[in-house]
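Structure, as structure tokens:
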Amino acid sequence: MLQKILSCFDENAYLMYVLRVGRETLRATAGPCLLNFMTLHLFNYVGIYLWASKVGDWLNGRGGEYYYLLNFNSYGEGLVTLFNLMVVNDWNQIAKVFTAISKESTTYTFFIAFQLIVSGVMVNVVKGFFVSAFIKNYEDDPSQSSKKKSSVRRSSTSKVAVFESAKREGSLREGNIESPDESEPL
């Protein structure tokens with residue numbers, strides 16, 4: 001069975017190409033993902049320091065809309081809370097629970113700083129690295145890049161040849177032919 005699956009990979013060059021691009025893209029985004037996790041880790045320990053086991057005690061028996069499950073009572077629960085904040089999932093409702101048990105200024109400073117740093121910057125850095133690495137690896141495809149380069153080379157060469165021949169004949173001075181665009185690659 002495994003041999004049959006592996007033989008499909010060997011026969012399908014496109015599948016191998018997709019796997020290679022995916023592997024290289026994930027390898028390039030490992031650093032920013034680690035930095036994002038370290039930032040979550042730091043905010044998690046700050047949240048544990050500020051609100052460890054306070055949310056459960058305050059909300060005991062009050063019910064609510066399950067926001068009491070988002071707390072900093074343990075490391076895992078803190079990561080779940082921060083993940084909900086990172087994807088901007090009702091962060092103001094989550095913050096409302098924490099303002100009831102601590103100072104409003106402390107709570108909103110923590111939550112807004114998290115939104116600015118993690119949701120505003122870190123997630124976009126990871127996205128940027130991912131897209132950049134994917135485009136770089138996608139453009140490195142030998143079958144695609146040789147076709148693109150040769151067609152660009154042919155079109156640019158023909159424009160330059162027409163321009164040079166018109167320049168020799170003198171019809172360029174009369175305004176009959178436009179000069180090739182300098183921004184186009186040769």
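Residue numbers start at 1 in each chain; chains themselves are named A, B, ... in the order of the structure tokens; ligands are numbered from 1 in the order shown.
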Can you pull out the residues contacting Phe72 (chain A)? Cut-off 8 Å, using only C-alpha atoms, and skip same-chain residues under 4 positions away; I want them as a list of chain:residue names.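 So the residues in contact are A:Asn44, A:Gly47, A:Ile48, A:Trp51, A:Ala52, A:Ser53, A:Val55, A:Glu77, A:Gly78, A:Thr81.
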Would you write out, as JSON lines, a table of all residues in region 16-95 of chain A that have an atom no more than 8 Å from an atom of region 111-119 of chain A, listing for each the closest atom pair and the distance in Å to one decimal, considering only C-alpha atoms and ordering rows by chain and rising residue number?
```
{"residue": "A:Asn36", "atom": "CA", "partner": "A:Val118", "partner_atom": "CA", "distance": 7.3}
{"residue": "A:Thr39", "atom": "CA", "partner": "A:Val118", "partner_atom": "CA", "distance": 7.3}
{"residue": "A:Leu40", "atom": "CA", "partner": "A:Val118", "partner_atom": "CA", "distance": 7.7}
{"residue": "A:Phe43", "atom": "CA", "partner": "A:Phe114", "partner_atom": "CA", "distance": 7.4}
{"residue": "A:Leu85", "atom": "CA", "partner": "A:Gln115", "partner_atom": "CA", "distance": 7.2}
{"residue": "A:Met86", "atom": "CA", "partner": "A:Ser119", "partner_atom": "CA", "distance": 5.3}
{"residue": "A:Val87", "atom": "CA", "partner": "A:Ser119", "partner_atom": "CA", "distance": 7.1}
{"residue": "A:Val88", "atom": "CA", "partner": "A:Ser119", "partner_atom": "CA", "distance": 7.4}
{"residue": "A:Trp91", "atom": "CA", "partner": "A:Phe111", "partner_atom": "CA", "distance": 7.7}
{"residue": "A:Ala95", "atom": "CA", "partner": "A:Phe111", "partner_atom": "CA", "distance": 6.9}
```
As an exercise, work out the distance from CA of Glu104 (chain A) to CA of Leu42 (chain A) in Å and give it to one decimal place.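 The value is 20.9 Å.
Minimum atom-to-atom distances from A:Lys127, A:Leu70, A:Ser132, A:Met122 to Leu35 (chain A) were compared using only C-alpha atoms, and the lowest value belongs to A:Met122.
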Can you measure CA of Thr25 (chain A) to CA of Asn12 (chain A) for me? One decimal in Å is fine.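 Taking CA of Thr25 (chain A) as the start and CA of Asn12 (chain A) as the end point, the length is 20.2 Å.
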Two-atom distance - CA of Val121 (chain A), CA of Ser102 (chain A) (Å): 26.9 Å
If you count only C-alpha atoms, the residue of A:Ile101, A:Leu79, A:Val21, A:Ile94 closest to Phe37 (chain A) turns out to be A:Leu79
Among region 69-142 of chain A, which ones does DSSP assign to helix (DSSP H, G or I) (computed from the backbone)? Answer as an NGL selection string. :A and (69 or 75-86 or 91-99 or 104-139 or 142)
Under the rule that only C-alpha atoms are counted, which of A:Ala13, A:Leu82, A:Ala30, A:Leu19 is the nearest residue to Tyr45 (chain A)?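 Counting only C-alpha atoms, the residue closest to Tyr45 (chain A) is A:Leu82.
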